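Trainee: This structure is in structure tokens; I'll ask about it shortly.
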Amino acid sequence: MAKQFKPETLCVQAGWSPKKGEPRVLPIYQSTTFKYDTSEQMARLFDLEDSGYFYTRLQNPTNDAVAAKIAALEGGVGAMLTSSGQAANFYAVFNICQAGDHFVCSSAIYGGTFNLFNVTMKKLGIDVTFVNPDDSEEEIAKAFRPNTKALFGETISNPALEVLDIEKFARIAHSHGVPLIVDNTFPTPINCRPFEWGADIVVHSTTKYMDGHATSVGGAIVDSGNFDWDAHAEKFPGLCTPDESYHGLTYTKAFGKMAYITKATAQLMRDLGSIQSPMNAFLLNLGLETLHLRMPQHCKNAQRVAEYLQKNDKVAWVNYCGLPGNKYYELAQKYMPNGSCGVISFGLKGGREVAIRFMDHLKLVAIVTHVADARTCVLHPASHTHRQLTDEQLIEAGVRPDLIRFSVGIENAEDIIADIEQALNA
């Protein structure tokens, strides 16, 4: 389906093709388990010799349909839903890294991901080196070691809104024989398709624009099918050597281009179990059906709000890659010519205290620990999401202590601007 249809059609139609007499709308398969007629049928499923459903922790028809839609939108060969974006990030890296391994990561990433990689994964014996994504290829290459297994970045970083030079990162990763993993949550595949620029694996927090209505926490991993694991077999024994927990099956030999995503499902989901519930997958699918309509509206509104803020004398600085003159304007035009996302960051004259007073005076705009849904919302990362970081760590993560993260919704832009204005004046 992915080949002949455009993204708008895929948003609405991909993933679920009902046959005669079947429900037109993707059903919620709210069942933990699935029936078979013979013991042999079940045995073949457990040996990965047949594909089918036997337990929802591993696979569920609702989830698979939604994963297929996301894979089609990104242009990948397969995808897996997870219970959260954090689970997707963890699985994406853990699927190819084990104790004693190392990976390289852009320092401009979401605070929760930074903590996952910098603290929790180190406890599992997986080391990480953070690099400034704007550094030269030579500088970033210095971070690689013989045991480096991946390079990770965010297309648009949350909340610093730095735009990743995907082609540069892909060149660096591939010259070291490792895949590039890209978190594409903010632009979504409507505005950016990292596989077309050399990325190998894409992850999402589907909680954000994909769901779009702040109803369901979730994540997704999409595999391009493009990375040649066997060409670097010594680096990826988990994919290229027999898996004793599946009678010595080798994923690359048994599943070809689907090796990575099959291993993530058959091994990590089996053992760690961060499955998305079928109900949440159903709600995510409803969100995906209008993703192509909402993203342009988010971007149009954000552009207007950013232009208003840029002209306001109470505002110290504005960061939005849609503004000409922005540090990332050229990169954004290259990778996201139709718009980036609805998230803006800015600072007010007077710093942290003034920022907090401004937020407390907003009426239409809500203070919530969320971003990228239909409603406009605001957050002060230094006081909220990133409060575990010191001022030095905040700066390193690209989060200034005075930074206000403003997620522009799909309401009327004039109403959003009027609320900002009254709060600034208050």
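We label chains A, B, ... in the order they appear in the structure tokens, count residues from 1 in each chain, and number ligands from 1 in the order shown.
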As a PyMOL selection string, please: every residue in segment 256-371 of chain A that DSSP puts in strand (DSSP E).
Mentor: chain A and resi 315-319+343-348+366-367
Trainee: Excluding segment 183-190 of chain A and residues on its chain fewer than 3 positions from it, collect all residues at most 7 Å away from it, counting only C-alpha atoms, and give them as a list in words.
Mentor: Pro7, Leu73, Glu74, Gly153, Glu154, Thr155, Ile156, Arg193, Val202, Val203, His204, Ser205, His292, Ser340 and Cys341 of chain A
Trainee: With C-alpha atoms retained, could you export that selection as a PDB file, in the first residue's frame?
Mentor:
ATOM      1  CA  PRO A   7       0.799  10.386   3.085  1.00  0.00           C
ATOM      2  CA  LEU A  73       3.938   6.711   6.687  1.00  0.00           C
ATOM      3  CA  GLU A  74       7.669   6.560   7.453  1.00  0.00           C
ATOM      4  CA  GLY A 153      19.553  11.948  17.534  1.00  0.00           C
ATOM      5  CA  GLU A 154      16.215  13.823  17.421  1.00  0.00           C
ATOM      6  CA  THR A 155      15.010  15.457  14.186  1.00  0.00           C
ATOM      7  CA  ILE A 156      13.811  18.445  16.230  1.00  0.00           C
ATOM      8  CA  ARG A 193      10.897  11.342   6.609  1.00  0.00           C
ATOM      9  CA  VAL A 202      13.006   5.849  13.548  1.00  0.00           C
ATOM     10  CA  VAL A 203      11.370   6.099  16.970  1.00  0.00           C
ATOM     11  CA  HIS A 204       8.320   8.067  18.076  1.00  0.00           C
ATOM     12  CA  SER A 205       6.545   9.100  21.180  1.00  0.00           C
ATOM     13  CA  HIS A 292      -2.111  15.246   7.841  1.00  0.00           C
ATOM     14  CA  SER A 340       8.469  21.708  11.245  1.00  0.00           C
ATOM     15  CA  CYS A 341       6.170  21.428  14.253  1.00  0.00           C
TER      16      CYS A 341
END
Trainee: What's around Lys327 of chain A at 9 Å? Count only C-alpha atoms, leave out sequence neighbours fewer than 5 positions away in its own chain, and write the answer as an MDAnalysis selection string.
Mentor: chainID A and resid 162 319 321
Trainee: Kindly indicate which residue among A:Pro324, A:Gly347, A:Pro278, A:Pro179 lies nearest to Ala382 of chain A, using only C-alpha atoms for the distances.
Mentor: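 That would be A:Gly347, the residue with the smallest distance to Ala382 of chain A.
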Trainee: Between A:Met80, A:Met336, A:Met121, A:Ile261, which has the minimum distance to Thr206 of chain A (counting only C-alpha atoms)?
Mentor: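 Looking at the shortest contact to Thr206 of chain A, the residue is A:Met80.
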